[in-house]
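*Asks:* There's a structure below that I have some questions on.
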Amino acid sequence: MKPAAFDYVAPRTVAEAVDALGTGGRRAQVLAGGQSLILEMRLERIRPDLVVDINRIPALDELRVRDGTLRVGALVRHRAFESAHAVPGPLGALFARAVGNIAHPPIRARGTMVGSVAWAHPASEWCAIAVALDADVEMAGPRGARNLAAGDFFQGPLKTAGQPGELITSVRYPLLGDDTGVGFVEHRRTHFCFAQVAAAAALTARGGVISEARIGLVNCADRPLRAHAAEAALTGVEIGPPLDGYRLPENHPFARAGRIAAERDAAPVAEPYADLEYRGHAIAVVVARTLCQAASDQRSRARALEGESR
Amino acid sequence: MHQWGRREDQRLTMGKGRFVADIEVPGCLDAVFVRSKTGHGTLRSVDCAPARAVPGVVGAWAAADLMDMPACAHSASVLQDLPPVPHSVLARLSSDEAVAGREWPALVKERVRYAGEAVAVVVGEDRYLAEDGAAEVTFEVEPLPAMVRPSDAARDSFPLFDGLSNVALTGEAGQPIDDSVWRDAAAVVEGRYRQSLLLPTPMECRAILVAPDADRLTVWAGHQAPHRLRRELAASLGWPEDRVRVVVPDTGGAFGSKSATFPEYVVVAYLAVKLRRPVRWIEDRLESMMVATRGRGQDQRVRLAADADGRLLAYELTIEADVGAYPHLGVGLPMQTAWMATGPYATPKVHATVRSVLTNTMVTYPYRGAGRPEAAIALERSMDTMARRLSMDPAELRRRNLIPPESFPYETPTGRRYDSGNYAGALELALRTVDYDGWRAEQARRGKDPGAMPLGIGLSCYVERSGGEPGGLFEFGGLEAGEDGSITARCGAASSGQGHETVFPALVARTLGVAQWRVRLIEGDTGEQPEGLGSFASRTAQVVGALLWHACQLLIDEARRRAARMWGVPVERVEWSDGTVRDAHDRSAVLDLSHLVKATGPLKVDDRFETGMAFPFGTHVAVAEVDPELGTVHLLRLVAVDDCGVVLDPEIVHGQAFGSCVQGIGQALYEGIPYGDDGVPLLGNGLLDYLLPTFSEVPPIEVRHTRTPSPGSPLGAKGAGESGCIGTPAAVVNAVIDALQVADPDLLQMPLTPDVVWRAARAPKRGEPR
């Protein structure tokens with residue numbers, strides 16, 4: 001299949017882009033990296049009248065930290081996060097752990113983090129991280145700019161609270177403190193395909209006790225989720241020592257949290273090669289393993305902090 | 001400057017290849033097919049009128065429109081209606097009997113029999129416009145129950161062809177085995193195996209361009225058998241063959257899937273003639289996934305008997321094959337499995353039966369391996385089951401049963417005559433290469449460590465058949481020496497990426513003793529080479545290599561005769577070496593081939609040459625680590641020991657072995673077509689829905705060779721193209737079963753996706769109560 005005919009504009013400012021998106025009730029699509037849009041247009045599952053290419057808007061490629069907040073502009077490519085040092089602290093480590101799971105280097109060089117948020121695929125790594133970390137989605141529209149919490153932004157498979165005519169200009173994340181350890185584990189059939197299940201975790205601990213847990217679930221429902229019930233079960237739990245082997249004891253708090261995430265937080269959808277029974281089980285395992293990874297990261301960060309303070 | 005390993009690589013890797021879609025013929029139209037989304041149903045109506053109104057659309061037709069198309073052009077007297085899809089009896093892949101009463105219309109007439117079957121064609125000034133037109137065609141299909149499993153279709157509740165059974169062919173190999181054999185045997189094991197339908201997935205999908213010129217047609221197609229395509233298209237059009245020329249330009253892979261005359265090809269050729277304009281069809285990936293041929297597709301039941309010492313007594317294989325909606329191309333393919341059921345073992349009694357069942361899917365057809373993987377997988381899984389039953393090391397069980405080297409030629413109970421082999425040699429080399437004992441020790445260590453993921457080692461000994469079936473073991477071609485010193489080789493083969501341009505000039509140069517750069521190859525063009533069979537069944541090195549070697553002997557003989565005449569000496573006195581003739585008694589009488597041609601006129605030799613069937617063999621070993629919690633399989637190591645007789649080009653044979661091993665891994669772990677409840681494949685997201693192994697999934701693969709020449713060919717070469725697809729899958733599956741020690745290995749049906757492996761990992765282990 002080949003795309004149906006469409007008009008194309010390449011505005012130079014956000015205002016021009018918003019103007020273009022709002023013109024005359026036409027079906028308009030924003031083109032950033034094109035990672036999903038181009039494919040969907042080729043399949044004619046999306047037949048826009050107008051493609052608004054934002055790649056020539058200079059302000060949108062900014063990656064900036066100010067007042068403890070990271071602002072990722074709409075043109076920042078996935079590739080920018082491959083180094084754990086691109087973003088300060090544990091947040092950079094989390095992004096780096098997640099980004100390697102996104103497609104291949106050529107796609108990571110074009111696709112954008114904000115584009116993934118806008119597309120809202122249930123298997124998107126970035127969307128789940130945004131939800132877990134309470135990121136803010138910044139949008140410009142015909143009625144001005146507005147912000148929406150990521151938790152309110154995602155409404156279903158490829159469905160968001162964004163309105164026609166609105167352009168996401170950036171996503172903002174609070175930086176993570178050095179007492180926070182991060183983990184990201186993805187399970188999929190081959191490196192090429194979407195996650196069957198993945199999870200992101202950020203564990204903050206004081207004196208070896210978890211004071212805050214954040215868990216994002218990838219492809220565990222029709223939208224990205226934050227595993228609130230599993231998080232609650234982890235507060236006050238000891239980070240504990242490292243574990244041998246791949247299998248957690250059933251009564252380990254992380255194994256328990258994994259099961260809570262699967263049973264109470266997730267709402268999995270059946271797919272070929274992943275029915276509800278398998279998917280539920282895989283969620284529990286992946287969450288538990290992600291927590292182990294985050295705990296390990298937290299322990300080594302805590303050790304490093306102790307080293308510094310001596 | 002880097003020297004490419006293959007002549008064609010500079011062109012192909014620098015973007016200078018010329019594929020069908022790169023060929024620019026002025027005024028060429030693009031064809032787009034409108035396809036049924038229903039797998040089985042009655043076609044009630046098709047309305048192409050809205051498509052014809054789309055700007056840039058030249059025409060749009062359903063089958064009914066082409067039945068009463070106004071006669072035009074020179075050929076109208078013989079070209080009335082759209083012809084049906086031809087069937088082929090080559091290699092007994094189909095038969096007149098199986099297709100009787102079962103017409104395959106090139107566009108659906110009354111009944112849709114597989115999802116994606118074309119109900120209309122739209123031709124436009126370019127592909128985009130034709131697509132726009134195709135989007136406007138409307139049609140109505142009244143659904144019938146779609147049957148995608150042979151067991152469902154074989155019940156004949158819903159015949160695909162009214163009044164005819166869905167069982168389109170039955171056959172057997174070997175003699176039925178007496179009940180007493182099973183009763184009296186010390187050990188009998190049984191198994192049920194599903195060989196999923198697979199997609200051949202060449203990088204370039206199918207492509208054809210047909211250009212009419214006066215009363216002639218030039219056809220460019222990515223194709224494995226250009227002479228067959230010429231013959232079948234000419235017959236469909238009612239034309240003599242000499243008015244059709246088929247040219248195969250660069251072709252991006254085939255793996256068996258590009259050797260037939262497909263419905264789309266018939267339509268495109270027909271429209272080119274009718275419209276008197278060039279028309280092309282460039283299949284895209286989604287289309288290919290829905291409607292290109294499928295491979296494999298068998299439900300198997302096996303029984304294997306052995307005595308207490310592990311000597312095999314009898315093997316029985318029952319095949320219910322899924323051959324797709326029409327029996328025209330591959331209804332007889334499962335017989336390849338039956339004939340190879342004996343495998344590499346000296347089992348005295350072997351019996352295989354086949355039922356080929358029509359189902360609502362695109363037809364099955366040879367896909368790299370073509371019947372032999374199915375045979376090897378069934379037998380090798382059963383061998384591991386037997387080894388467990390006898391508490392015997394699986395390598396030892398095989399060792400006790402492999403046909404010994406002194407037994408060749410070996411007549412199998414299933415009707416094959418194996419030419420040569422040293423099966424134990426391949427097994428031992430594989431065990432040494434992988435460090436079998438070392439991995440067994442590691443497996444035992446992990447068995448005692450609850451924190452370690454379980455590990456398994458899987459063996460697979462195979463023997464296969466290369467060269468083709470009797471009646472198709474020959475090829476045509478020749479050599480031409482030029483006055484400028486050039487030597488041109490021609491043959492009926494056609495490369496779809498295997499490196500013919502490198503291997504054959506090197507072979508000719510080596511045989512004649514001339515520099516490689518002097519030799520070039522022309523193939524894949526019926527205008528250059530009047531007769532030919534093509535490249536399939538791992539036959540090209542074996543058969544075409546032998547033909548070109550033979551042509552070199554003819555050329556040398558003719559050069560010596562000419563020199564003898566010129567010098568007035570007996571021919572016995574004229575010697576050939578390094579591209580020159582010389583008089584053995586007169587050191588001054590020396591003539592280079594080019595000078596001989598200048599002096600005596602054009603020198604051209606042509607012939608047909610035939611070899612025997614050959615039987616390559618080998619042993620593959622896989623080492624797998626399994627994550628029982630998620631069901632993930634990590635291949636740690638794969639060793640492939642293949643014996644393809646005499647290797648003509650080690651680099652190319654290595655590439656063939658490596659690539660086919662990766663496809664074997666694909667069958668074992670990843671590749672499968674999911675279906676909806678309505679019998680329609682769920683492939684809407686392309687290769688995201690049908691996973692191929694990619695770079696990240698390829699384990700360290702070590703390819704080694706033993707060398708047992710084939711006595712049936714002067715070069716001793718056997719086919720090397722399919723070894724991994726045949727040998728690798730069972731090694732991988734056996735490794736997973738070995739890791740999990742499941743009591744019921746039939747739980748592990750390919751592809752071994754995580755959910756399948758996870759379920760098997762939770763099932764009772766060997767020795768546990770079920």
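A note on labels: chains of the structure tokens are A, B, ... as shown, every chain counts residues from 1, and ligands are counted from 1 in their shown order.
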For chain A versus chain B, which residues have an atom no more than 9 Å away, and what is each residue's nearest atom pair and distance in Å rounded to one decimal, using only C-alpha atoms, chain-then-number order, as a Markdown table?
*Replies:*
```
| residue | atom | partner | partner_atom | distance |
| --- | --- | --- | --- | --- |
| A:Met1 | CA | B:Glu131 | CA | 7.0 |
| A:Lys2 | CA | B:Tyr128 | CA | 6.1 |
| A:Pro3 | CA | B:Tyr128 | CA | 7.5 |
| A:Ala4 | CA | B:Asp132 | CA | 6.8 |
| A:Ala5 | CA | B:Tyr128 | CA | 8.4 |
| A:Leu43 | CA | B:Asn685 | CA | 8.9 |
| A:His187 | CA | B:Leu630 | CA | 8.1 |
| A:Arg188 | CA | B:Pro754 | CA | 8.6 |
| A:Arg189 | CA | B:Thr753 | CA | 7.1 |
| A:Thr190 | CA | B:Glu697 | CA | 6.7 |
| A:His191 | CA | B:Ser696 | CA | 6.2 |
| A:Phe192 | CA | B:Thr694 | CA | 7.1 |
| A:Cys193 | CA | B:Leu688 | CA | 5.7 |
| A:Phe194 | CA | B:Leu688 | CA | 7.7 |
| A:Asp244 | CA | B:Gly451 | CA | 6.1 |
| A:Gly245 | CA | B:Gly451 | CA | 3.7 |
| A:Tyr246 | CA | B:Gly451 | CA | 6.0 |
| A:Arg247 | CA | B:Gly451 | CA | 6.5 |
| A:Pro272 | CA | B:Pro674 | CA | 6.4 |
| A:Tyr273 | CA | B:Asp755 | CA | 6.1 |
| A:Ala274 | CA | B:Asp755 | CA | 6.3 |
| A:Asp275 | CA | B:Asp755 | CA | 8.1 |
| A:Tyr278 | CA | B:Asp755 | CA | 6.0 |
| A:Arg279 | CA | B:Asp755 | CA | 8.4 |
| A:His281 | CA | B:Leu630 | CA | 8.1 |
| A:Ala282 | CA | B:Leu630 | CA | 6.0 |
| A:Val285 | CA | B:Glu629 | CA | 7.0 |
| A:Val286 | CA | B:Leu630 | CA | 8.4 |
```
*Asks:* With DSSP run on the backbone, what are the strand (DSSP E) residues within stretch 373-566 of chain B? I'd like them as an NGL selection string.
*Replies:* :B and (410-411 or 417-418 or 455-463 or 474-481 or 487-491 or 519-523)
*Asks:* Measuring between only C-alpha atoms, which one of A:Ala150, A:Val65, A:Val218, A:Ala199 shows the shortest distance to A:Cys292?
*Replies:*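 Closest candidate: A:Ala199.
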*Asks:* May I ask which of the residues B:Thr318, B:Gln300, B:Thr540, B:Thr170 is the closest one to B:Ser496, counting only C-alpha atoms?
*Replies:* B:Thr540
*Asks:* Identify, on the basis of only C-alpha atoms, every residue whose closest approach to B:Gly727 does not exceed 6 Å; exclude the query and any residue fewer than 6 positions from it along the same chain; express the result as a ChimeraX atom specification.
*Replies:* /B:460,462,620
*Asks:* Using C-alpha atoms, can you write the selected residues to a file as a short mmCIF file (atom, residue, chain, number, x, y, z; two decimals), in the first residue's frame?
*Replies:*
```
data_model
loop_
_atom_site.label_atom_id
_atom_site.label_comp_id
_atom_site.auth_asym_id
_atom_site.auth_seq_id
_atom_site.Cartn_x
_atom_site.Cartn_y
_atom_site.Cartn_z
CA SER B 460 19.90 -33.24 15.13
CA TYR B 462 19.97 -35.15 9.09
CA HIS B 620 23.67 -29.77 14.17
#
```
*Asks:* Between A:Ser300, A:Gln196, A:Ser116, A:Thr23, which is the closest to A:Val51 once you count only C-alpha atoms?
*Replies:*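 Distance minimum relative to A:Val51 lands on A:Thr23.
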*Asks:* Tell me, as a ChimeraX atom specification, which residues lie within 8 Å of B:Ile208, counting only C-alpha atoms; anything in the same chain fewer than 6 positions away does not count.
*Replies:* /B:20,219-222,265,268,280-282
*Asks:* Here is a test: counting only C-alpha atoms, which residue of A:Cys127, A:Leu70, A:Val99, A:Ile57 is nearest to A:Ser83?
*Replies:* A:Val99
*Asks:* Counting only C-alpha atoms, what is within 12 Å of A:Gly177, bar same-chain residues fewer than 5 positions away, as a PyMOL selection string?
*Replies:* chain A and resi 68-69+88-93+182+202-206+212+298+301-302+305
